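The structure file run-v2.cif is reproduced below (mmCIF, N, CA and C atoms).
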```
data_protein
loop_
_atom_site.label_atom_id
_atom_site.label_comp_id
_atom_site.auth_asym_id
_atom_site.auth_seq_id
_atom_site.Cartn_x
_atom_site.Cartn_y
_atom_site.Cartn_z
N MET N 145 -13.57 -44.98 -190.71
CA MET N 145 -14.24 -43.83 -190.13
C MET N 145 -14.15 -43.91 -188.61
N SER N 146 -13.68 -42.90 -187.99
CA SER N 146 -13.52 -42.87 -186.54
C SER N 146 -14.81 -42.45 -185.85
N ASP N 147 -15.05 -43.02 -184.68
CA ASP N 147 -16.25 -42.69 -183.91
C ASP N 147 -15.97 -41.53 -182.95
N GLN N 148 -14.73 -41.09 -182.90
CA GLN N 148 -14.40 -39.99 -182.00
C GLN N 148 -14.85 -38.67 -182.60
N ARG N 149 -15.38 -37.84 -181.74
CA ARG N 149 -15.83 -36.52 -182.18
C ARG N 149 -14.76 -35.48 -181.87
N ALA N 150 -14.69 -34.51 -182.73
CA ALA N 150 -13.76 -33.41 -182.48
C ALA N 150 -14.29 -32.59 -181.31
N PRO N 151 -13.42 -32.12 -180.43
CA PRO N 151 -13.90 -31.31 -179.31
C PRO N 151 -14.53 -30.01 -179.81
N LEU N 152 -15.56 -29.58 -179.11
CA LEU N 152 -16.22 -28.33 -179.49
C LEU N 152 -15.32 -27.16 -179.18
N GLN N 153 -15.23 -26.25 -180.09
CA GLN N 153 -14.50 -25.03 -179.84
C GLN N 153 -15.46 -24.03 -179.22
N HIS N 154 -14.93 -23.13 -178.44
CA HIS N 154 -15.76 -22.09 -177.86
C HIS N 154 -15.94 -20.99 -178.91
N LEU N 155 -17.13 -20.94 -179.50
CA LEU N 155 -17.42 -19.99 -180.57
C LEU N 155 -18.66 -19.18 -180.21
N PRO N 156 -18.54 -18.26 -179.26
CA PRO N 156 -19.72 -17.50 -178.85
C PRO N 156 -20.23 -16.59 -179.96
N VAL N 157 -21.54 -16.42 -179.97
CA VAL N 157 -22.21 -15.56 -180.94
C VAL N 157 -22.01 -14.09 -180.57
N MET N 158 -21.90 -13.83 -179.27
CA MET N 158 -21.74 -12.46 -178.78
C MET N 158 -20.81 -12.46 -177.57
N THR N 159 -20.28 -11.31 -177.26
CA THR N 159 -19.45 -11.17 -176.07
C THR N 159 -20.37 -11.07 -174.84
N PHE N 160 -19.78 -11.20 -173.67
CA PHE N 160 -20.55 -11.07 -172.43
C PHE N 160 -21.13 -9.65 -172.33
N GLU N 161 -20.35 -8.66 -172.72
CA GLU N 161 -20.84 -7.28 -172.70
C GLU N 161 -22.04 -7.11 -173.63
N GLN N 162 -21.96 -7.70 -174.82
CA GLN N 162 -23.09 -7.63 -175.75
C GLN N 162 -24.31 -8.36 -175.19
N MET N 163 -24.08 -9.48 -174.54
CA MET N 163 -25.17 -10.22 -173.92
C MET N 163 -25.84 -9.37 -172.84
N LEU N 164 -25.03 -8.73 -172.00
CA LEU N 164 -25.59 -7.88 -170.95
C LEU N 164 -26.37 -6.71 -171.53
N GLU N 165 -25.86 -6.13 -172.59
CA GLU N 165 -26.58 -5.02 -173.23
C GLU N 165 -27.89 -5.48 -173.85
N LYS N 166 -27.88 -6.67 -174.45
CA LYS N 166 -29.11 -7.23 -175.02
C LYS N 166 -30.14 -7.46 -173.92
N VAL N 167 -29.71 -8.06 -172.82
CA VAL N 167 -30.62 -8.32 -171.69
C VAL N 167 -31.08 -6.99 -171.09
N ARG N 168 -30.18 -6.05 -170.95
CA ARG N 168 -30.56 -4.74 -170.39
C ARG N 168 -31.61 -4.07 -171.26
N TYR N 169 -31.42 -4.13 -172.57
CA TYR N 169 -32.38 -3.52 -173.48
C TYR N 169 -33.71 -4.26 -173.47
N GLU N 170 -33.65 -5.60 -173.64
CA GLU N 170 -34.87 -6.42 -173.70
C GLU N 170 -35.66 -6.33 -172.39
N GLY N 171 -34.95 -6.31 -171.28
CA GLY N 171 -35.61 -6.29 -169.98
C GLY N 171 -35.87 -4.90 -169.44
N ALA N 172 -35.45 -3.88 -170.16
CA ALA N 172 -35.60 -2.48 -169.74
C ALA N 172 -35.04 -2.26 -168.33
N TYR N 173 -33.86 -2.85 -168.08
CA TYR N 173 -33.22 -2.69 -166.78
C TYR N 173 -32.53 -1.33 -166.70
N PRO N 174 -32.56 -0.69 -165.54
CA PRO N 174 -31.98 0.65 -165.41
C PRO N 174 -30.45 0.66 -165.46
N THR N 175 -29.83 -0.46 -165.09
CA THR N 175 -28.36 -0.49 -165.06
C THR N 175 -27.84 -1.80 -165.63
N ARG N 176 -26.58 -1.77 -166.03
CA ARG N 176 -25.89 -2.97 -166.50
C ARG N 176 -25.79 -3.98 -165.36
N GLU N 177 -25.58 -3.49 -164.14
CA GLU N 177 -25.45 -4.36 -162.97
C GLU N 177 -26.72 -5.16 -162.73
N ARG N 178 -27.87 -4.52 -162.90
CA ARG N 178 -29.14 -5.22 -162.71
C ARG N 178 -29.32 -6.29 -163.79
N ALA N 179 -28.93 -5.99 -165.01
CA ALA N 179 -28.99 -6.99 -166.09
C ALA N 179 -28.06 -8.15 -165.78
N GLU N 180 -26.88 -7.86 -165.26
CA GLU N 180 -25.92 -8.92 -164.94
C GLU N 180 -26.44 -9.82 -163.82
N GLU N 181 -27.11 -9.25 -162.83
CA GLU N 181 -27.72 -10.06 -161.76
C GLU N 181 -28.71 -11.05 -162.36
N ALA N 182 -29.54 -10.57 -163.28
CA ALA N 182 -30.53 -11.43 -163.92
C ALA N 182 -29.84 -12.52 -164.73
N VAL N 183 -28.81 -12.17 -165.48
CA VAL N 183 -28.08 -13.16 -166.29
C VAL N 183 -27.49 -14.24 -165.39
N ARG N 184 -26.83 -13.83 -164.33
CA ARG N 184 -26.20 -14.81 -163.43
C ARG N 184 -27.23 -15.75 -162.81
N LEU N 185 -28.35 -15.21 -162.35
CA LEU N 185 -29.39 -16.01 -161.73
C LEU N 185 -29.98 -17.02 -162.72
N VAL N 186 -30.39 -16.55 -163.88
CA VAL N 186 -31.11 -17.39 -164.84
C VAL N 186 -30.19 -18.40 -165.51
N VAL N 187 -28.99 -18.00 -165.89
CA VAL N 187 -28.06 -18.93 -166.54
C VAL N 187 -27.64 -20.02 -165.55
N ALA N 188 -27.43 -19.67 -164.30
CA ALA N 188 -27.11 -20.69 -163.28
C ALA N 188 -28.28 -21.67 -163.14
N GLY N 189 -29.49 -21.13 -163.11
CA GLY N 189 -30.66 -22.00 -163.02
C GLY N 189 -30.77 -22.94 -164.21
N LEU N 190 -30.50 -22.42 -165.40
CA LEU N 190 -30.54 -23.24 -166.60
C LEU N 190 -29.47 -24.33 -166.53
N GLY N 191 -28.32 -23.98 -165.97
CA GLY N 191 -27.25 -24.97 -165.81
C GLY N 191 -27.63 -26.12 -164.90
N ARG N 192 -28.57 -25.88 -163.98
CA ARG N 192 -29.05 -26.95 -163.11
C ARG N 192 -30.10 -27.83 -163.81
N GLN N 193 -30.56 -27.41 -164.98
CA GLN N 193 -31.60 -28.15 -165.69
C GLN N 193 -31.08 -28.92 -166.91
N LEU N 194 -30.04 -28.42 -167.55
CA LEU N 194 -29.55 -29.02 -168.79
C LEU N 194 -28.48 -30.08 -168.55
N THR N 195 -28.50 -31.10 -169.39
CA THR N 195 -27.48 -32.14 -169.34
C THR N 195 -27.06 -32.49 -170.77
N GLY N 196 -26.07 -33.32 -170.87
CA GLY N 196 -25.70 -33.92 -172.14
C GLY N 196 -25.13 -32.97 -173.18
N GLU N 197 -25.28 -33.39 -174.43
CA GLU N 197 -24.72 -32.65 -175.56
C GLU N 197 -25.28 -31.23 -175.66
N GLU N 198 -26.55 -31.07 -175.34
CA GLU N 198 -27.16 -29.75 -175.44
C GLU N 198 -26.48 -28.76 -174.48
N ARG N 199 -26.17 -29.23 -173.30
CA ARG N 199 -25.47 -28.39 -172.31
C ARG N 199 -24.09 -27.99 -172.83
N VAL N 200 -23.37 -28.96 -173.37
CA VAL N 200 -22.02 -28.71 -173.90
C VAL N 200 -22.08 -27.74 -175.09
N GLU N 201 -23.00 -27.98 -176.02
CA GLU N 201 -23.11 -27.13 -177.20
C GLU N 201 -23.55 -25.71 -176.83
N LEU N 202 -24.47 -25.60 -175.89
CA LEU N 202 -24.90 -24.26 -175.47
C LEU N 202 -23.74 -23.52 -174.84
N ALA N 203 -22.99 -24.18 -173.97
CA ALA N 203 -21.84 -23.54 -173.33
C ALA N 203 -20.84 -23.05 -174.37
N ALA N 204 -20.67 -23.80 -175.45
CA ALA N 204 -19.73 -23.41 -176.50
C ALA N 204 -20.20 -22.17 -177.26
N ARG N 205 -21.50 -21.90 -177.25
CA ARG N 205 -22.04 -20.76 -178.00
C ARG N 205 -22.25 -19.52 -177.13
N LEU N 206 -22.25 -19.71 -175.82
CA LEU N 206 -22.42 -18.57 -174.92
C LEU N 206 -21.09 -17.85 -174.72
N PRO N 207 -21.15 -16.57 -174.35
CA PRO N 207 -19.91 -15.89 -173.97
C PRO N 207 -19.23 -16.66 -172.84
N LEU N 208 -17.91 -16.61 -172.77
CA LEU N 208 -17.15 -17.41 -171.81
C LEU N 208 -17.66 -17.23 -170.38
N GLU N 209 -17.94 -16.01 -169.96
CA GLU N 209 -18.41 -15.77 -168.59
C GLU N 209 -19.74 -16.49 -168.34
N ALA N 210 -20.64 -16.42 -169.30
CA ALA N 210 -21.94 -17.09 -169.16
C ALA N 210 -21.77 -18.61 -169.23
N ALA N 211 -20.88 -19.07 -170.07
CA ALA N 211 -20.62 -20.51 -170.18
C ALA N 211 -20.10 -21.06 -168.86
N ARG N 212 -19.24 -20.31 -168.20
CA ARG N 212 -18.74 -20.74 -166.88
C ARG N 212 -19.85 -20.84 -165.86
N ILE N 213 -20.73 -19.84 -165.85
CA ILE N 213 -21.86 -19.86 -164.92
C ILE N 213 -22.72 -21.09 -165.18
N LEU N 214 -22.99 -21.38 -166.44
CA LEU N 214 -23.81 -22.54 -166.82
C LEU N 214 -23.17 -23.84 -166.39
N THR N 215 -21.89 -24.01 -166.70
CA THR N 215 -21.23 -25.31 -166.49
C THR N 215 -20.75 -25.53 -165.06
N GLU N 216 -20.71 -24.49 -164.24
CA GLU N 216 -20.33 -24.67 -162.84
C GLU N 216 -21.46 -25.31 -162.02
N GLN N 217 -22.65 -25.34 -162.59
CA GLN N 217 -23.81 -25.88 -161.88
C GLN N 217 -23.87 -27.40 -162.02
N ILE N 218 -24.29 -28.06 -160.97
CA ILE N 218 -24.51 -29.49 -161.00
C ILE N 218 -25.98 -29.70 -161.38
N PRO N 219 -26.23 -30.44 -162.47
CA PRO N 219 -27.63 -30.65 -162.88
C PRO N 219 -28.46 -31.33 -161.79
N ASP N 220 -29.69 -30.86 -161.63
CA ASP N 220 -30.62 -31.45 -160.68
C ASP N 220 -30.99 -32.86 -161.14
N THR N 221 -31.23 -33.73 -160.18
CA THR N 221 -31.63 -35.09 -160.54
C THR N 221 -33.07 -35.13 -161.01
N GLN N 222 -33.88 -34.19 -160.56
CA GLN N 222 -35.28 -34.11 -160.97
C GLN N 222 -35.51 -32.76 -161.65
N PRO N 223 -35.57 -32.74 -162.99
CA PRO N 223 -35.76 -31.46 -163.70
C PRO N 223 -37.07 -30.77 -163.30
N LEU N 224 -37.04 -29.46 -163.29
CA LEU N 224 -38.20 -28.66 -162.94
C LEU N 224 -39.00 -28.29 -164.18
N THR N 225 -40.32 -28.19 -164.04
CA THR N 225 -41.13 -27.64 -165.12
C THR N 225 -40.78 -26.16 -165.26
N GLY N 226 -41.22 -25.53 -166.33
CA GLY N 226 -40.96 -24.11 -166.51
C GLY N 226 -41.47 -23.28 -165.34
N ARG N 227 -42.67 -23.57 -164.89
CA ARG N 227 -43.26 -22.84 -163.76
C ARG N 227 -42.45 -23.05 -162.48
N ALA N 228 -42.08 -24.29 -162.21
CA ALA N 228 -41.28 -24.59 -161.01
C ALA N 228 -39.89 -23.95 -161.11
N PHE N 229 -39.36 -23.86 -162.32
CA PHE N 229 -38.07 -23.22 -162.55
C PHE N 229 -38.12 -21.75 -162.12
N VAL N 230 -39.16 -21.04 -162.53
CA VAL N 230 -39.32 -19.63 -162.16
C VAL N 230 -39.52 -19.50 -160.65
N LYS N 231 -40.32 -20.38 -160.06
CA LYS N 231 -40.53 -20.35 -158.62
C LYS N 231 -39.23 -20.58 -157.85
N ASP N 232 -38.41 -21.51 -158.35
CA ASP N 232 -37.12 -21.80 -157.72
C ASP N 232 -36.19 -20.59 -157.79
N LEU N 233 -36.15 -19.95 -158.96
CA LEU N 233 -35.31 -18.75 -159.11
C LEU N 233 -35.80 -17.62 -158.20
N ALA N 234 -37.11 -17.46 -158.08
CA ALA N 234 -37.68 -16.43 -157.21
C ALA N 234 -37.28 -16.70 -155.76
N ALA N 235 -37.34 -17.95 -155.34
CA ALA N 235 -36.97 -18.29 -153.96
C ALA N 235 -35.48 -18.04 -153.72
N ARG N 236 -34.65 -18.33 -154.69
CA ARG N 236 -33.20 -18.12 -154.55
C ARG N 236 -32.84 -16.64 -154.52
N SER N 237 -33.58 -15.83 -155.28
CA SER N 237 -33.24 -14.41 -155.38
C SER N 237 -34.00 -13.53 -154.39
N GLY N 238 -35.11 -14.04 -153.87
CA GLY N 238 -35.94 -13.24 -152.98
C GLY N 238 -36.84 -12.26 -153.72
N ALA N 239 -36.92 -12.39 -155.02
CA ALA N 239 -37.75 -11.50 -155.84
C ALA N 239 -39.16 -12.09 -155.98
N THR N 240 -40.08 -11.27 -156.46
CA THR N 240 -41.44 -11.75 -156.70
C THR N 240 -41.46 -12.68 -157.91
N LEU N 241 -42.52 -13.46 -158.04
CA LEU N 241 -42.67 -14.33 -159.20
C LEU N 241 -42.74 -13.52 -160.48
N ALA N 242 -43.44 -12.39 -160.44
CA ALA N 242 -43.58 -11.56 -161.64
C ALA N 242 -42.22 -11.01 -162.09
N THR N 243 -41.44 -10.53 -161.16
CA THR N 243 -40.11 -10.00 -161.48
C THR N 243 -39.21 -11.11 -162.01
N THR N 244 -39.28 -12.26 -161.37
CA THR N 244 -38.44 -13.38 -161.78
C THR N 244 -38.85 -13.88 -163.16
N ARG N 245 -40.12 -13.90 -163.44
CA ARG N 245 -40.60 -14.31 -164.77
C ARG N 245 -40.07 -13.34 -165.83
N TRP N 246 -40.09 -12.06 -165.51
CA TRP N 246 -39.56 -11.04 -166.42
C TRP N 246 -38.07 -11.25 -166.65
N ASP N 247 -37.33 -11.43 -165.55
CA ASP N 247 -35.89 -11.67 -165.65
C ASP N 247 -35.60 -12.90 -166.51
N THR N 248 -36.36 -13.96 -166.26
CA THR N 248 -36.14 -15.22 -166.97
C THR N 248 -36.36 -15.04 -168.47
N GLY N 249 -37.45 -14.41 -168.85
CA GLY N 249 -37.72 -14.19 -170.27
C GLY N 249 -36.68 -13.30 -170.93
N SER N 250 -36.24 -12.27 -170.22
CA SER N 250 -35.23 -11.35 -170.78
C SER N 250 -33.91 -12.06 -171.03
N VAL N 251 -33.49 -12.87 -170.07
CA VAL N 251 -32.21 -13.57 -170.20
C VAL N 251 -32.31 -14.70 -171.22
N LEU N 252 -33.38 -15.48 -171.15
CA LEU N 252 -33.48 -16.63 -172.06
C LEU N 252 -33.66 -16.19 -173.51
N ALA N 253 -34.14 -14.97 -173.75
CA ALA N 253 -34.17 -14.45 -175.13
C ALA N 253 -32.75 -14.30 -175.66
N ALA N 254 -31.85 -13.82 -174.82
CA ALA N 254 -30.44 -13.69 -175.22
C ALA N 254 -29.78 -15.06 -175.37
N VAL N 255 -30.12 -15.99 -174.48
CA VAL N 255 -29.59 -17.35 -174.58
C VAL N 255 -30.08 -18.00 -175.88
N ALA N 256 -31.34 -17.80 -176.21
CA ALA N 256 -31.90 -18.35 -177.45
C ALA N 256 -31.18 -17.79 -178.67
N ALA N 257 -30.87 -16.50 -178.64
CA ALA N 257 -30.14 -15.87 -179.76
C ALA N 257 -28.76 -16.51 -179.92
N SER N 258 -28.11 -16.83 -178.82
CA SER N 258 -26.80 -17.49 -178.88
C SER N 258 -26.91 -18.94 -179.34
N ALA N 259 -27.96 -19.61 -178.89
CA ALA N 259 -28.12 -21.04 -179.19
C ALA N 259 -28.44 -21.28 -180.65
N GLY N 260 -29.29 -20.46 -181.22
CA GLY N 260 -29.76 -20.72 -182.58
C GLY N 260 -30.96 -21.65 -182.54
N SER N 261 -31.70 -21.66 -183.62
CA SER N 261 -32.97 -22.37 -183.68
C SER N 261 -32.86 -23.88 -183.48
N GLU N 262 -31.91 -24.51 -184.14
CA GLU N 262 -31.79 -25.97 -184.08
C GLU N 262 -31.42 -26.44 -182.68
N LEU N 263 -30.43 -25.81 -182.06
CA LEU N 263 -30.03 -26.19 -180.71
C LEU N 263 -31.14 -25.87 -179.72
N LEU N 264 -31.79 -24.74 -179.87
CA LEU N 264 -32.88 -24.39 -178.96
C LEU N 264 -34.00 -25.42 -179.03
N THR N 265 -34.31 -25.89 -180.21
CA THR N 265 -35.34 -26.94 -180.35
C THR N 265 -34.93 -28.19 -179.59
N ARG N 266 -33.68 -28.58 -179.69
CA ARG N 266 -33.19 -29.77 -178.95
C ARG N 266 -33.21 -29.53 -177.45
N ILE N 267 -32.87 -28.33 -177.02
CA ILE N 267 -32.91 -28.00 -175.59
C ILE N 267 -34.34 -28.11 -175.08
N LEU N 268 -35.28 -27.56 -175.83
CA LEU N 268 -36.68 -27.59 -175.41
C LEU N 268 -37.23 -29.02 -175.38
N ARG N 269 -36.75 -29.89 -176.24
CA ARG N 269 -37.16 -31.30 -176.20
C ARG N 269 -36.65 -31.99 -174.94
N GLN N 270 -35.49 -31.55 -174.45
CA GLN N 270 -34.91 -32.16 -173.27
C GLN N 270 -35.60 -31.70 -171.98
N LEU N 271 -36.02 -30.45 -171.96
CA LEU N 271 -36.60 -29.87 -170.74
C LEU N 271 -38.07 -30.25 -170.58
N PRO N 272 -38.56 -30.29 -169.33
CA PRO N 272 -40.00 -30.53 -169.11
C PRO N 272 -40.84 -29.40 -169.71
N SER N 273 -42.13 -29.54 -169.66
CA SER N 273 -43.04 -28.54 -170.24
C SER N 273 -42.88 -27.18 -169.55
N GLY N 274 -43.23 -26.14 -170.31
CA GLY N 274 -43.25 -24.80 -169.75
C GLY N 274 -42.06 -23.92 -170.07
N TYR N 275 -41.06 -24.44 -170.74
CA TYR N 275 -39.87 -23.65 -171.04
C TYR N 275 -39.98 -22.87 -172.34
N ALA N 276 -40.75 -23.35 -173.30
CA ALA N 276 -40.81 -22.70 -174.61
C ALA N 276 -41.19 -21.24 -174.47
N LEU N 277 -42.22 -20.96 -173.70
CA LEU N 277 -42.64 -19.56 -173.52
C LEU N 277 -41.56 -18.73 -172.85
N LEU N 278 -40.81 -19.33 -171.94
CA LEU N 278 -39.73 -18.61 -171.28
C LEU N 278 -38.63 -18.21 -172.27
N PHE N 279 -38.46 -19.03 -173.32
CA PHE N 279 -37.48 -18.74 -174.36
C PHE N 279 -38.08 -17.90 -175.48
N GLY N 280 -39.36 -17.51 -175.35
CA GLY N 280 -39.99 -16.69 -176.36
C GLY N 280 -40.59 -17.46 -177.52
N ARG N 281 -40.84 -18.74 -177.32
CA ARG N 281 -41.44 -19.59 -178.36
C ARG N 281 -42.82 -20.05 -177.90
N ALA N 282 -43.67 -20.40 -178.85
CA ALA N 282 -44.96 -20.98 -178.51
C ALA N 282 -44.75 -22.38 -177.97
N GLU N 283 -45.56 -22.74 -177.00
CA GLU N 283 -45.49 -24.09 -176.43
C GLU N 283 -46.38 -24.99 -177.28
N LEU N 284 -45.78 -25.80 -178.10
CA LEU N 284 -46.53 -26.68 -178.99
C LEU N 284 -46.69 -28.04 -178.33
N THR N 285 -47.90 -28.58 -178.42
CA THR N 285 -48.16 -29.91 -177.88
C THR N 285 -48.72 -30.79 -178.98
N GLN N 286 -48.52 -32.08 -178.84
CA GLN N 286 -49.02 -33.03 -179.82
C GLN N 286 -50.49 -33.31 -179.55
N ALA N 287 -51.26 -33.45 -180.60
CA ALA N 287 -52.67 -33.80 -180.46
C ALA N 287 -52.79 -35.23 -179.94
N ALA N 288 -53.77 -35.46 -179.09
CA ALA N 288 -53.95 -36.79 -178.51
C ALA N 288 -54.59 -37.74 -179.50
#
```

What is this structure when it is put down as structure tokens?
Amino acid sequence: MSDQRAPLQHLPVMTFEQMLEKVRYEGAYPTRERAEEAVRLVVAGLGRQLTGEERVELAARLPLEAARILTEQIPDTQPLTGRAFVKDLAARSGATLATTRWDTGSVLAAVAASAGSELLTRILRQLPSGYALLFGRAELTQAA
């Protein structure tokens, strides 16, 4: 039995156009361009947070354009909490926290749809607290 793994094929769940339309619909954006701005901002930010197999698997499931945005980012040495992630994106975009939180939820809903439940669970285990709600999931904590 070989220990080598087969390389992941790029098998996106949706096209980039479909992703933009999903984000445009979910976020109630007036134009495709505004949805694309949100996708580029949030996916780049996520690329700075994810590492390892989860990053590689997510890139394989995203549309090629989104996968490139994700993988062109150098992961931060100190991962941000969900709240700090939104604050960082707001500072980079010049938008308000409320607008950035909306953008983040709209985009990460589409990312979650591409990732699937099992991969999303692994991604959330890797990230610091506060991301589950951004992906549209309840933030579950262990009882002390």

Using only the atoms of stretch 261-279 of chain N listed in the file, plus 3 Å on each side, state the axis-aligned box centre and edge lengths in Å rounded to one decimal, as JSON.
```
{"center_x": -36.6, "center_y": -25.0, "center_z": -176.6, "size_x": 19.2, "size_y": 20.3, "size_z": 21.0}
```

(message) I'd like the residues picked by the PyMOL selection byres (((chain N and resi 250-260 and name CA) around 7) and name CA) written out as a ChimeraX atom specification, using the chain letters and numbers from the file.
(response) /N:157,163,166-167,170-171,182-183,186,202,205-206,246-249,261-264,278-280

(request) Give me, please, the distance in Å between atom N of N:Glu216 and atom CA of N:Ala203, quoted to one decimal. (result) 9.2 Å

(message) Quick check, in Å to one decimal: how far apart do atom CA of N:Arg266 and atom CA of N:Gln193 lie?
(response)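 Going from atom CA of N:Arg266 over to atom CA of N:Gln193, I get 13.5 Å.
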
(request) Could you tell me which residues the PyMOL selection byres (((chain N and resi 192 and name CA) around 8) and name CA) returns for this structure, as a VMD selection string? (result) chain N and resid 188 to 191 193 to 194 214 217 to 220

Residue selection dump (N, CA and C atoms) as a PDB file, in the frame of the given file:
```
ATOM      1  N   ALA N 188     -27.430 -19.670-164.300  1.00  0.00           N
ATOM      2  CA  ALA N 188     -27.110 -20.690-163.280  1.00  0.00           C
ATOM      3  C   ALA N 188     -28.280 -21.670-163.140  1.00  0.00           C
ATOM      4  N   GLY N 189     -29.490 -21.130-163.110  1.00  0.00           N
ATOM      5  CA  GLY N 189     -30.660 -22.000-163.020  1.00  0.00           C
ATOM      6  C   GLY N 189     -30.770 -22.940-164.210  1.00  0.00           C
ATOM      7  N   LEU N 190     -30.500 -22.420-165.400  1.00  0.00           N
ATOM      8  CA  LEU N 190     -30.540 -23.240-166.600  1.00  0.00           C
ATOM      9  C   LEU N 190     -29.470 -24.330-166.530  1.00  0.00           C
ATOM     10  N   GLY N 191     -28.320 -23.980-165.970  1.00  0.00           N
ATOM     11  CA  GLY N 191     -27.250 -24.970-165.810  1.00  0.00           C
ATOM     12  C   GLY N 191     -27.630 -26.120-164.900  1.00  0.00           C
ATOM     13  N   GLN N 193     -30.560 -27.410-164.980  1.00  0.00           N
ATOM     14  CA  GLN N 193     -31.600 -28.150-165.690  1.00  0.00           C
ATOM     15  C   GLN N 193     -31.080 -28.920-166.910  1.00  0.00           C
ATOM     16  N   LEU N 194     -30.040 -28.420-167.550  1.00  0.00           N
ATOM     17  CA  LEU N 194     -29.550 -29.020-168.790  1.00  0.00           C
ATOM     18  C   LEU N 194     -28.480 -30.080-168.550  1.00  0.00           C
ATOM     19  N   LEU N 214     -22.990 -21.380-166.440  1.00  0.00           N
ATOM     20  CA  LEU N 214     -23.810 -22.540-166.820  1.00  0.00           C
ATOM     21  C   LEU N 214     -23.170 -23.840-166.390  1.00  0.00           C
ATOM     22  N   GLN N 217     -22.650 -25.340-162.590  1.00  0.00           N
ATOM     23  CA  GLN N 217     -23.810 -25.880-161.880  1.00  0.00           C
ATOM     24  C   GLN N 217     -23.870 -27.400-162.020  1.00  0.00           C
ATOM     25  N   ILE N 218     -24.290 -28.060-160.970  1.00  0.00           N
ATOM     26  CA  ILE N 218     -24.510 -29.490-161.000  1.00  0.00           C
ATOM     27  C   ILE N 218     -25.980 -29.700-161.380  1.00  0.00           C
ATOM     28  N   PRO N 219     -26.230 -30.440-162.470  1.00  0.00           N
ATOM     29  CA  PRO N 219     -27.630 -30.650-162.880  1.00  0.00           C
ATOM     30  C   PRO N 219     -28.460 -31.330-161.790  1.00  0.00           C
ATOM     31  N   ASP N 220     -29.690 -30.860-161.630  1.00  0.00           N
ATOM     32  CA  ASP N 220     -30.620 -31.450-160.680  1.00  0.00           C
ATOM     33  C   ASP N 220     -30.990 -32.860-161.140  1.00  0.00           C
TER      34      ASP N 220
END
```

(request) Let me know the residues the PyMOL selection byres ((chain N and resi 156) around 6.5) catches in the file above, as JSON, numbers by chain. (result) {"N": [154, 155, 157, 158, 159, 204, 205, 206, 207, 208]}

(request) Record the distance separating atom C of N:Ala210 and atom N of N:Glu165, expressed in Å with one decimal. (result)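 These atoms are spaced 13.6 Å apart.
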
(request) Go through N:Thr175, N:Leu164, N:Leu241, N:Thr265 and flag the residue nearest N:Ala282, using only C-alpha atoms for the distances. (result) N:Thr265

(request) Considering only N, CA and C atoms, return as a PyMOL selection string whatever protein or nucleic-acid residues lie within 6.5 Å of stretch 221-225 of chain N, sequence-local ones (same chain, fewer than 3 positions apart) excluded. (result) chain N and resi 193+228-230+272-275

How would stretch 205-219 of chain N of the given structure read as a file with C-alpha atoms, as a PDB file, in the first residue's frame?
```pdb
ATOM      1  CA  ARG N 205     -14.095  22.778  -4.773  1.00  0.00           C
ATOM      2  CA  LEU N 206     -14.277  26.505  -5.497  1.00  0.00           C
ATOM      3  CA  PRO N 207     -14.632  27.909  -9.007  1.00  0.00           C
ATOM      4  CA  LEU N 208     -11.175  28.396 -10.553  1.00  0.00           C
ATOM      5  CA  GLU N 209     -11.271  32.203 -10.229  1.00  0.00           C
ATOM      6  CA  ALA N 210     -12.178  31.989  -6.534  1.00  0.00           C
ATOM      7  CA  ALA N 211      -9.614  29.237  -5.953  1.00  0.00           C
ATOM      8  CA  ARG N 212      -6.902  31.491  -7.380  1.00  0.00           C
ATOM      9  CA  ILE N 213      -7.932  34.346  -5.101  1.00  0.00           C
ATOM     10  CA  LEU N 214      -7.824  31.981  -2.102  1.00  0.00           C
ATOM     11  CA  THR N 215      -4.475  30.379  -2.899  1.00  0.00           C
ATOM     12  CA  GLU N 216      -2.658  33.572  -3.915  1.00  0.00           C
ATOM     13  CA  GLN N 217      -2.830  34.698  -0.288  1.00  0.00           C
ATOM     14  CA  ILE N 218      -0.052  33.986   2.178  1.00  0.00           C
ATOM     15  CA  PRO N 219      -1.570  32.623   5.405  1.00  0.00           C
TER      16      PRO N 219
END
```
